[in-house]
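Asker: Below: one structure in structure tokens.
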Amino acid sequence: MAHKLKTLLLAVFVGASTICNAQQRIKNVIVVVTDGFRWQEFFNGADRQLATSKKFSQGDSAVILKKYWDSDSKISRAKVLPFIWGTIAKKGQIYGNRNTGNLMNTANPYWFSYPGYNEILTGYPDIAVNSNDYKANPNVTVLEYLNKQPAFKGKVAAYASWDAFDRIFNKERAGFPVVAAFKNTGGAHPTAKENLLNTMLANSYRPFNDDECLDVFTHYEAMEYLKEHKPRVMFIGYGETDEWAHAGKYYSYLNAAHQVDKWLSDLWSYIQSDPNSKDQTALVITTDHGRGLGDEWTTHGAKVKGASEMWVAVMGPGIAAKGEVTAPMQNYQQQIAQTIASLLGTKFIATHPVADKLDLK
């Protein structure tokens, strides 16, 4: 009897140790947000009604249907997001498919960008943050918190297409590089590639005026920084999924999401090719808010039904490969900040409230 008990205790200890060691393998986290990308396309693929609408199809329903639609929603979603559904769905965890009762929502009551990013990054759905023109964020983000810890000091960075991220991260206070919209990358000593990117950016087409650059610049700036500086914590914010949706251009919206998925694939390939990050890096991928239904798919906000509905995907060493989690449950955007910290083996502590992490067991 004593021998059996000893064997059982040893098995429990080894199992717990294995889980602990697996979690400790995560040394780096990259957070990627694609602005305003609906859970409907994320989980169901292309919406045939929108794809064939004269109002939204950009005059070419046939090409949208050929490229992205299928009567089987699982095939359609994989056409839109092949990396998400081909890799993360096999190796990570995905939450927010309301078709199965797996709910993910914003906790903030506003359902648009600045409040959403504040909630993602601070774990606190601060009702005072109620405008996209809100001042420099008084709340501390998890990136700012981590940058103050000795293990992460000087190893944190953020790249984003929208200029509001200077305020969302409170760039003046944050203490780490924040490169947003048309700001130059590379600091005082840019690489040759960064000099080229800065020149191209300054001379680029500006469909969203001076507030937001095209995502291609954000992506390649972030990749160059990642390769040159090897940050342990990085944020990348893409904006075109939201911009093309507001413009009512459904094909461009799907193309933007498809492009983000391609960049995620490239990002993961690089991570797994570099000894500094291979099998040591977690990805956290999400969106800042949802959108409306039918003709209201173009918009969002507190008066738009469904605009609080969102999703999240997580993948990395030590994270159980649950794939698409279909069990009925309710999660919130505010849980992401503490999840980021917990993946790195620490706890995010701030003067404001911080919600508990997601349960990724």
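How things are named: the first chain in the structure tokens is A, the next is B, and so on; residues count from 1 in each chain; ligands count from 1 in the order shown.
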Need the shell around Gly186 of chain A: protein/DNA/RNA residues with any atom at most 10 Å away, counting only C-alpha atoms. Skip same-chain ones fewer than 6 positions apart. Format as a PyMOL selection string?
Answerer: chain A and resi 177+179+192-195+197-198+221+224-225+228
Asker: Those selected residues, please, written with N, CA and C atoms and delivered as a CSV table (one decimal), in the first residue's frame.
Answerer:
```
chain,number,residue,atom,x,y,z
A,177,PRO,N,10.2,51.8,-26.7
A,177,PRO,CA,9.8,52.3,-28.0
A,177,PRO,C,8.4,52.1,-28.4
A,179,VAL,N,6.3,52.9,-31.8
A,179,VAL,CA,6.4,53.5,-33.2
A,179,VAL,C,5.0,53.3,-33.8
A,192,ALA,N,20.0,50.1,-42.4
A,192,ALA,CA,19.7,50.4,-43.8
A,192,ALA,C,18.3,50.1,-44.2
A,193,LYS,N,17.8,48.9,-43.7
A,193,LYS,CA,16.4,48.6,-44.0
A,193,LYS,C,15.4,49.5,-43.3
A,194,GLU,N,15.7,50.0,-42.1
A,194,GLU,CA,14.9,50.9,-41.4
A,194,GLU,C,14.9,52.3,-42.1
A,195,ASN,N,16.0,52.7,-42.6
A,195,ASN,CA,16.1,54.0,-43.4
A,195,ASN,C,15.2,53.9,-44.6
A,197,LEU,N,12.6,51.8,-45.1
A,197,LEU,CA,11.2,51.8,-44.6
A,197,LEU,C,10.7,53.2,-44.3
A,198,ASN,N,11.6,54.0,-43.6
A,198,ASN,CA,11.2,55.4,-43.3
A,198,ASN,C,11.0,56.2,-44.5
A,221,GLU,N,8.4,47.1,-40.3
A,221,GLU,CA,9.1,47.8,-39.2
A,221,GLU,C,9.2,46.9,-38.0
A,224,GLU,N,11.7,44.1,-38.6
A,224,GLU,CA,13.1,44.5,-38.6
A,224,GLU,C,13.6,44.7,-37.1
A,225,TYR,N,12.7,45.3,-36.3
A,225,TYR,CA,13.1,45.5,-34.9
A,225,TYR,C,13.2,44.2,-34.2
A,228,GLU,N,16.6,42.7,-35.2
A,228,GLU,CA,17.8,43.4,-34.7
A,228,GLU,C,17.9,43.5,-33.2
```
Asker: Using only C-alpha atoms, what does the table of segment 228-256 of chain A residues within 10 Å of segment 289-312 of chain A look like, with each row giving the shortest atom pair and its distance in Å to one decimal, sorted by chain and ascending number, as a tab-separated table?
Answerer:
```
residue	atom	partner	partner_atom	distance
A:Asp242	CA	A:Thr298	CA	8.4
A:Glu243	CA	A:Thr298	CA	9.1
A:Trp244	CA	A:Thr298	CA	8.4
A:Ala245	CA	A:Thr298	CA	4.9
A:His246	CA	A:Thr298	CA	4.7
A:Ala247	CA	A:Thr298	CA	7.0
A:Gly248	CA	A:Thr298	CA	5.6
A:Lys249	CA	A:Thr298	CA	8.6
A:Tyr250	CA	A:Thr298	CA	8.9
A:Tyr253	CA	A:Thr298	CA	9.9
```
Asker: Would you mind listing what lies within 6 Å of segment 32-46 of chain A as a PDB file with all heavy atoms, in the first residue's frame, with only C-alpha atoms counted and same-chain residues fewer than 3 positions away left out?
Answerer:
```
ATOM      1  N   TYR A  68     -12.698  33.142 -51.180  1.00  0.00           N
ATOM      2  CA  TYR A  68     -12.894  33.000 -49.744  1.00  0.00           C
ATOM      3  C   TYR A  68     -14.126  32.202 -49.307  1.00  0.00           C
ATOM      4  O   TYR A  68     -14.189  31.763 -48.160  1.00  0.00           O
ATOM      5  CB  TYR A  68     -12.995  34.393 -49.094  1.00  0.00           C
ATOM      6  CG  TYR A  68     -11.710  35.175 -49.146  1.00  0.00           C
ATOM      7  CD1 TYR A  68     -11.687  36.470 -49.685  1.00  0.00           C
ATOM      8  CD2 TYR A  68     -10.529  34.655 -48.654  1.00  0.00           C
ATOM      9  CE1 TYR A  68     -10.519  37.215 -49.725  1.00  0.00           C
ATOM     10  CE2 TYR A  68      -9.344  35.392 -48.687  1.00  0.00           C
ATOM     11  CZ  TYR A  68      -9.348  36.670 -49.224  1.00  0.00           C
ATOM     12  OH  TYR A  68      -8.191  37.387 -49.264  1.00  0.00           O
ATOM     13  N   TRP A  69     -15.118  32.029 -50.175  1.00  0.00           N
ATOM     14  CA  TRP A  69     -16.360  31.443 -49.677  1.00  0.00           C
ATOM     15  C   TRP A  69     -16.418  29.939 -49.937  1.00  0.00           C
ATOM     16  O   TRP A  69     -15.879  29.422 -50.918  1.00  0.00           O
ATOM     17  CB  TRP A  69     -17.578  32.112 -50.323  1.00  0.00           C
ATOM     18  CG  TRP A  69     -18.871  31.641 -49.712  1.00  0.00           C
ATOM     19  CD1 TRP A  69     -19.419  32.052 -48.533  1.00  0.00           C
ATOM     20  CD2 TRP A  69     -19.757  30.653 -50.247  1.00  0.00           C
ATOM     21  NE1 TRP A  69     -20.601  31.380 -48.292  1.00  0.00           N
ATOM     22  CE2 TRP A  69     -20.829  30.508 -49.327  1.00  0.00           C
ATOM     23  CE3 TRP A  69     -19.745  29.875 -51.403  1.00  0.00           C
ATOM     24  CZ2 TRP A  69     -21.877  29.626 -49.537  1.00  0.00           C
ATOM     25  CZ3 TRP A  69     -20.798  28.986 -51.612  1.00  0.00           C
ATOM     26  CH2 TRP A  69     -21.852  28.875 -50.677  1.00  0.00           C
ATOM     27  N   SER A  73     -18.478  26.221 -43.571  1.00  0.00           N
ATOM     28  CA  SER A  73     -17.858  27.369 -42.900  1.00  0.00           C
ATOM     29  C   SER A  73     -16.424  27.078 -42.458  1.00  0.00           C
ATOM     30  O   SER A  73     -15.590  27.989 -42.406  1.00  0.00           O
ATOM     31  CB  SER A  73     -18.699  27.801 -41.698  1.00  0.00           C
ATOM     32  OG  SER A  73     -18.755  26.774 -40.724  1.00  0.00           O
ATOM     33  N   SER A  76     -14.336  27.680 -45.464  1.00  0.00           N
ATOM     34  CA  SER A  76     -14.303  29.109 -45.761  1.00  0.00           C
ATOM     35  C   SER A  76     -13.382  29.858 -44.806  1.00  0.00           C
ATOM     36  O   SER A  76     -12.573  30.693 -45.232  1.00  0.00           O
ATOM     37  CB  SER A  76     -15.717  29.691 -45.698  1.00  0.00           C
ATOM     38  OG  SER A  76     -15.702  31.067 -46.032  1.00  0.00           O
ATOM     39  N   ARG A  77     -13.479  29.568 -43.523  1.00  0.00           N
ATOM     40  CA  ARG A  77     -12.630  30.285 -42.561  1.00  0.00           C
ATOM     41  C   ARG A  77     -11.156  29.963 -42.775  1.00  0.00           C
ATOM     42  O   ARG A  77     -10.282  30.815 -42.550  1.00  0.00           O
ATOM     43  CB  ARG A  77     -13.064  29.994 -41.131  1.00  0.00           C
ATOM     44  CG  ARG A  77     -12.757  28.589 -40.627  1.00  0.00           C
ATOM     45  CD  ARG A  77     -13.412  28.349 -39.276  1.00  0.00           C
ATOM     46  NE  ARG A  77     -12.999  27.082 -38.666  1.00  0.00           N
ATOM     47  CZ  ARG A  77     -13.477  26.624 -37.506  1.00  0.00           C
ATOM     48  NH1 ARG A  77     -14.378  27.336 -36.837  1.00  0.00           N
ATOM     49  NH2 ARG A  77     -13.041  25.479 -37.012  1.00  0.00           N
ATOM     50  N   PHE A 235       4.368  44.259 -29.057  1.00  0.00           N
ATOM     51  CA  PHE A 235       2.987  44.485 -29.493  1.00  0.00           C
ATOM     52  C   PHE A 235       3.013  44.912 -30.945  1.00  0.00           C
ATOM     53  O   PHE A 235       3.802  45.773 -31.334  1.00  0.00           O
ATOM     54  CB  PHE A 235       2.329  45.569 -28.639  1.00  0.00           C
ATOM     55  CG  PHE A 235       0.942  45.944 -29.101  1.00  0.00           C
ATOM     56  CD1 PHE A 235      -0.166  45.317 -28.557  1.00  0.00           C
ATOM     57  CD2 PHE A 235       0.751  46.930 -30.065  1.00  0.00           C
ATOM     58  CE1 PHE A 235      -1.456  45.655 -28.989  1.00  0.00           C
ATOM     59  CE2 PHE A 235      -0.527  47.275 -30.494  1.00  0.00           C
ATOM     60  CZ  PHE A 235      -1.634  46.629 -29.950  1.00  0.00           C
ATOM     61  N   ILE A 236       2.132  44.311 -31.757  1.00  0.00           N
ATOM     62  CA  ILE A 236       1.969  44.725 -33.156  1.00  0.00           C
ATOM     63  C   ILE A 236       0.483  44.972 -33.394  1.00  0.00           C
ATOM     64  O   ILE A 236      -0.342  44.075 -33.200  1.00  0.00           O
ATOM     65  CB  ILE A 236       2.481  43.662 -34.146  1.00  0.00           C
ATOM     66  CG1 ILE A 236       3.935  43.277 -33.823  1.00  0.00           C
ATOM     67  CG2 ILE A 236       2.386  44.190 -35.578  1.00  0.00           C
ATOM     68  CD1 ILE A 236       4.471  42.129 -34.667  1.00  0.00           C
ATOM     69  N   GLY A 237       0.143  46.178 -33.813  1.00  0.00           N
ATOM     70  CA  GLY A 237      -1.258  46.544 -34.027  1.00  0.00           C
ATOM     71  C   GLY A 237      -1.545  46.883 -35.483  1.00  0.00           C
ATOM     72  O   GLY A 237      -1.033  47.881 -36.005  1.00  0.00           O
ATOM     73  N   TYR A 238      -2.332  46.049 -36.147  1.00  0.00           N
ATOM     74  CA  TYR A 238      -2.736  46.274 -37.534  1.00  0.00           C
ATOM     75  C   TYR A 238      -4.111  46.951 -37.565  1.00  0.00           C
ATOM     76  O   TYR A 238      -4.972  46.647 -36.738  1.00  0.00           O
ATOM     77  CB  TYR A 238      -2.812  44.955 -38.292  1.00  0.00           C
ATOM     78  CG  TYR A 238      -1.509  44.187 -38.335  1.00  0.00           C
ATOM     79  CD1 TYR A 238      -1.375  42.971 -37.657  1.00  0.00           C
ATOM     80  CD2 TYR A 238      -0.409  44.656 -39.048  1.00  0.00           C
ATOM     81  CE1 TYR A 238      -0.189  42.248 -37.701  1.00  0.00           C
ATOM     82  CE2 TYR A 238       0.774  43.943 -39.095  1.00  0.00           C
ATOM     83  CZ  TYR A 238       0.882  42.740 -38.418  1.00  0.00           C
ATOM     84  OH  TYR A 238       2.061  42.024 -38.456  1.00  0.00           O
ATOM     85  N   GLY A 239      -4.336  47.813 -38.553  1.00  0.00           N
ATOM     86  CA  GLY A 239      -5.567  48.599 -38.564  1.00  0.00           C
ATOM     87  C   GLY A 239      -6.474  48.458 -39.758  1.00  0.00           C
ATOM     88  O   GLY A 239      -7.623  48.910 -39.730  1.00  0.00           O
ATOM     89  N   THR A 241      -8.164  46.041 -41.227  1.00  0.00           N
ATOM     90  CA  THR A 241      -9.435  45.327 -41.132  1.00  0.00           C
ATOM     91  C   THR A 241     -10.550  46.274 -40.686  1.00  0.00           C
ATOM     92  O   THR A 241     -11.685  46.186 -41.167  1.00  0.00           O
ATOM     93  CB  THR A 241      -9.331  44.134 -40.166  1.00  0.00           C
ATOM     94  OG1 THR A 241      -8.552  44.490 -39.020  1.00  0.00           O
ATOM     95  CG2 THR A 241      -8.701  42.930 -40.845  1.00  0.00           C
ATOM     96  N   ASP A 242     -10.235  47.187 -39.799  1.00  0.00           N
ATOM     97  CA  ASP A 242     -11.234  48.154 -39.343  1.00  0.00           C
ATOM     98  C   ASP A 242     -11.493  49.229 -40.387  1.00  0.00           C
ATOM     99  O   ASP A 242     -12.651  49.593 -40.655  1.00  0.00           O
ATOM    100  CB  ASP A 242     -10.768  48.802 -38.040  1.00  0.00           C
ATOM    101  CG  ASP A 242     -11.844  49.664 -37.401  1.00  0.00           C
ATOM    102  OD1 ASP A 242     -12.887  49.116 -36.990  1.00  0.00           O
ATOM    103  OD2 ASP A 242     -11.655  50.887 -37.305  1.00  0.00           O
ATOM    104  N   ILE A 285      -3.188  36.640 -29.972  1.00  0.00           N
ATOM    105  CA  ILE A 285      -3.783  37.326 -31.123  1.00  0.00           C
ATOM    106  C   ILE A 285      -5.245  37.619 -30.816  1.00  0.00           C
ATOM    107  O   ILE A 285      -5.984  36.735 -30.381  1.00  0.00           O
ATOM    108  CB  ILE A 285      -3.679  36.446 -32.384  1.00  0.00           C
ATOM    109  CG1 ILE A 285      -2.230  35.985 -32.596  1.00  0.00           C
ATOM    110  CG2 ILE A 285      -4.184  37.192 -33.610  1.00  0.00           C
ATOM    111  CD1 ILE A 285      -2.115  34.724 -33.409  1.00  0.00           C
ATOM    112  N   THR A 286      -5.661  38.858 -31.051  1.00  0.00           N
ATOM    113  CA  THR A 286      -7.038  39.217 -30.697  1.00  0.00           C
ATOM    114  C   THR A 286      -7.488  40.435 -31.497  1.00  0.00           C
ATOM    115  O   THR A 286      -6.826  40.877 -32.433  1.00  0.00           O
ATOM    116  CB  THR A 286      -7.155  39.456 -29.179  1.00  0.00           C
ATOM    117  OG1 THR A 286      -8.533  39.567 -28.811  1.00  0.00           O
ATOM    118  CG2 THR A 286      -6.406  40.695 -28.738  1.00  0.00           C
ATOM    119  N   THR A 287      -8.634  40.975 -31.112  1.00  0.00           N
ATOM    120  CA  THR A 287      -9.170  42.190 -31.718  1.00  0.00           C
ATOM    121  C   THR A 287      -9.688  43.110 -30.614  1.00  0.00           C
ATOM    122  O   THR A 287      -9.902  42.666 -29.477  1.00  0.00           O
ATOM    123  CB  THR A 287     -10.284  41.849 -32.724  1.00  0.00           C
ATOM    124  OG1 THR A 287     -10.620  43.022 -33.474  1.00  0.00           O
ATOM    125  CG2 THR A 287     -11.531  41.319 -32.035  1.00  0.00           C
ATOM    126  N   ASP A 288      -9.883  44.379 -30.934  1.00  0.00           N
ATOM    127  CA  ASP A 288     -10.243  45.354 -29.910  1.00  0.00           C
ATOM    128  C   ASP A 288     -11.743  45.496 -29.701  1.00  0.00           C
ATOM    129  O   ASP A 288     -12.193  45.990 -28.674  1.00  0.00           O
ATOM    130  CB  ASP A 288      -9.639  46.720 -30.227  1.00  0.00           C
ATOM    131  CG  ASP A 288      -9.993  47.203 -31.633  1.00  0.00           C
ATOM    132  OD1 ASP A 288     -10.192  46.361 -32.528  1.00  0.00           O
ATOM    133  OD2 ASP A 288     -10.064  48.427 -31.842  1.00  0.00           O
ATOM    134  N   HIS A 289     -12.538  45.084 -30.689  1.00  0.00           N
ATOM    135  CA  HIS A 289     -14.004  45.170 -30.576  1.00  0.00           C
ATOM    136  C   HIS A 289     -14.623  44.357 -31.693  1.00  0.00           C
ATOM    137  O   HIS A 289     -13.928  43.901 -32.626  1.00  0.00           O
ATOM    138  CB  HIS A 289     -14.486  46.623 -30.647  1.00  0.00           C
ATOM    139  CG  HIS A 289     -14.013  47.366 -31.862  1.00  0.00           C
ATOM    140  ND1 HIS A 289     -14.515  47.128 -33.134  1.00  0.00           N
ATOM    141  CD2 HIS A 289     -13.067  48.344 -32.019  1.00  0.00           C
ATOM    142  CE1 HIS A 289     -13.914  47.925 -33.999  1.00  0.00           C
ATOM    143  NE2 HIS A 289     -13.019  48.669 -33.356  1.00  0.00           N
ATOM    144  N   GLY A 290     -15.931  44.192 -31.643  1.00  0.00           N
ATOM    145  CA  GLY A 290     -16.653  43.525 -32.721  1.00  0.00           C
ATOM    146  C   GLY A 290     -17.280  44.540 -33.660  1.00  0.00           C
ATOM    147  O   GLY A 290     -16.914  45.723 -33.677  1.00  0.00           O
ATOM    148  N   ARG A 291     -18.258  44.077 -34.432  1.00  0.00           N
ATOM    149  CA  ARG A 291     -18.960  44.938 -35.365  1.00  0.00           C
ATOM    150  C   ARG A 291     -20.423  44.536 -35.392  1.00  0.00           C
ATOM    151  O   ARG A 291     -20.820  43.521 -34.821  1.00  0.00           O
ATOM    152  CB  ARG A 291     -18.375  44.838 -36.775  1.00  0.00           C
ATOM    153  CG  ARG A 291     -16.867  44.839 -36.868  1.00  0.00           C
ATOM    154  CD  ARG A 291     -16.391  45.034 -38.292  1.00  0.00           C
ATOM    155  NE  ARG A 291     -16.563  46.434 -38.687  1.00  0.00           N
ATOM    156  CZ  ARG A 291     -15.683  47.406 -38.371  1.00  0.00           C
ATOM    157  NH1 ARG A 291     -14.601  47.114 -37.692  1.00  0.00           N
ATOM    158  NH2 ARG A 291     -15.916  48.652 -38.746  1.00  0.00           N
ATOM    159  N   MET A 310     -16.130  39.424 -29.478  1.00  0.00           N
ATOM    160  CA  MET A 310     -14.774  39.344 -29.993  1.00  0.00           C
ATOM    161  C   MET A 310     -14.223  37.930 -29.857  1.00  0.00           C
ATOM    162  O   MET A 310     -14.961  36.984 -29.595  1.00  0.00           O
ATOM    163  CB  MET A 310     -13.894  40.350 -29.283  1.00  0.00           C
ATOM    164  CG  MET A 310     -14.019  40.309 -27.770  1.00  0.00           C
ATOM    165  SD  MET A 310     -12.809  41.288 -26.915  1.00  0.00           S
ATOM    166  CE  MET A 310     -11.271  40.526 -27.399  1.00  0.00           C
TER     167      MET A 310
END
```
Asker: Could you pull the residues within 7 Å of segment 59-66 of chain A, counting only C-alpha atoms, minus those fewer than 6 positions along the same chain, as a ChimeraX atom specification?
Answerer: /A:51-52,251
Asker: Quick check, in Å to one decimal: how far apart do atom CA of Tyr332 of chain A and atom CA of Thr141 of chain A lie?
Answerer: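 About the pair atom CA of Tyr332 of chain A and atom CA of Thr141 of chain A: they are 16.8 Å apart.
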Asker: Mind giving me the straight-line distance from atom CA of Ser131 of chain A to atom CA of Val354 of chain A in Å, one decimal?
Answerer: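 Interatomic distance, atom CA of Ser131 of chain A to atom CA of Val354 of chain A: 20.9 Å.
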Asker: Within 12 Å of Ala128 of chain A, counting only C-alpha atoms, which residues show up once you throw out same-chain ones fewer than 4 positions away? Write them as a PyMOL selection string, please.
Answerer: chain A and resi 108-110+114-115+118-119+124+132+134-135+137-139
Asker: Can you pull out the residues contacting Ala355 of chain A? Cut-off 7 Å, using only C-alpha atoms, and skip same-chain residues under 2 positions away; I want them as a PyMOL selection string.
Answerer: chain A and resi 123-124+334-335+338+353+357
Asker: Counting only C-alpha atoms, what are the residues of segment 22-75 of chain A within 9 Å of segment 267-280 of chain A, and for each of them which pair of atoms is the nearest and at what distance in Å, to one decimal? Sort the table by chain and rising number, as a Markdown table.
Answerer:
```
| residue | atom | partner | partner_atom | distance |
| --- | --- | --- | --- | --- |
| A:Gln24 | CA | A:Gln280 | CA | 8.7 |
| A:Arg25 | CA | A:Gln280 | CA | 5.3 |
| A:Ile26 | CA | A:Gln280 | CA | 4.5 |
| A:Lys27 | CA | A:Gln280 | CA | 5.2 |
| A:Asn28 | CA | A:Gln280 | CA | 6.3 |
| A:Val29 | CA | A:Gln280 | CA | 8.7 |
```
Asker: Store the residues picked out above, limited to C-alpha atoms, as a compact mmCIF listing (two decimals), in the first residue's frame.
Answerer:
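To be explicit, this is the file written out as out.txt:
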```txt
# COMPACT_ATOMS: atom_id res chain seq x y z
CA GLN A 24 8.78 28.23 -17.90
CA ARG A 25 9.87 27.61 -21.49
CA ILE A 26 7.99 30.76 -22.53
CA LYS A 27 10.57 33.53 -22.47
CA ASN A 28 8.94 35.91 -24.95
CA VAL A 29 5.41 37.05 -25.84
```
Asker: Identify all residues of segment 142-224 of chain A in alpha helix (DSSP H) (DSSP on the backbone) and supply them as a PyMOL selection string.
Answerer: chain A and resi 142-147+165-168+171-174+192-202+215-224
Asker: Restricted to C-alpha atoms, what would the selected residues look like written as a compact mmCIF listing (two decimals), in the first residue's frame?
Answerer:
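File out-v4.txt, as written:
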```txt
# COMPACT_ATOMS: atom_id res chain seq x y z
CA VAL A 142 1.17 45.37 -19.01
CA LEU A 143 4.00 46.30 -21.39
CA GLU A 144 4.95 49.30 -19.25
CA TYR A 145 4.78 47.16 -16.12
CA LEU A 146 6.99 44.46 -17.64
CA ASN A 147 9.51 47.03 -18.89
CA PHE A 165 -1.12 54.26 -29.74
CA ASP A 166 1.22 57.06 -28.66
CA ARG A 167 -1.53 57.93 -26.17
CA ILE A 168 -2.80 54.40 -25.49
CA LYS A 171 4.57 56.97 -24.90
CA GLU A 172 6.08 59.80 -22.88
CA ARG A 173 5.82 57.77 -19.67
CA ALA A 174 6.08 54.20 -20.94
CA ALA A 192 19.74 50.41 -43.78
CA LYS A 193 16.41 48.57 -43.99
CA GLU A 194 14.86 50.93 -41.44
CA ASN A 195 16.11 53.95 -43.40
CA LEU A 196 14.47 52.52 -46.51
CA LEU A 197 11.22 51.83 -44.65
CA ASN A 198 11.20 55.39 -43.27
CA THR A 199 11.67 56.83 -46.76
CA MET A 200 8.98 54.62 -48.27
CA LEU A 201 6.59 55.41 -45.42
CA ALA A 202 7.06 59.15 -45.82
CA ASP A 215 -0.26 47.87 -42.31
CA VAL A 216 2.56 46.71 -44.57
CA PHE A 217 4.83 49.38 -43.07
CA THR A 218 3.92 48.49 -39.51
CA HIS A 219 4.59 44.83 -40.21
CA TYR A 220 8.01 45.22 -41.77
CA GLU A 221 9.11 47.82 -39.23
CA ALA A 222 8.16 45.43 -36.44
CA MET A 223 9.91 42.50 -38.10
CA GLU A 224 13.12 44.49 -38.56
```
Asker: Mind pulling up the distance from atom CA of Ile30 of chain A to atom CA of Arg232 of chain A?
Answerer: 7.9 Å
Asker: Between A:Phe83, A:Gln330, A:Lys55, A:Val156, which has the minimum distance to Trp263 of chain A (counting only C-alpha atoms)?
Answerer: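 With only C-alpha atoms as the atom set, the closest residue is A:Phe83.
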Asker: Hey, what's within 8 Å of Val140 of chain A if we count only C-alpha atoms and toss same-chain stuff fewer than 5 positions away? As a count of residues only, please?
Answerer: 4
Asker: Nearest to Asn97 of chain A: which of A:Ala327, A:Leu264, A:Val80, A:Val129 is it, counting only C-alpha atoms?
Answerer: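 Once distances to Asn97 of chain A are computed over only C-alpha atoms, the minimum belongs to A:Ala327.
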Asker: Where does DSSP see strand (DSSP E) in segment 71-297 of chain A, if you list the residues as a ChimeraX atom specification?
Answerer: /A:93-95,102-105,156-160,178-180,233-238,281-286
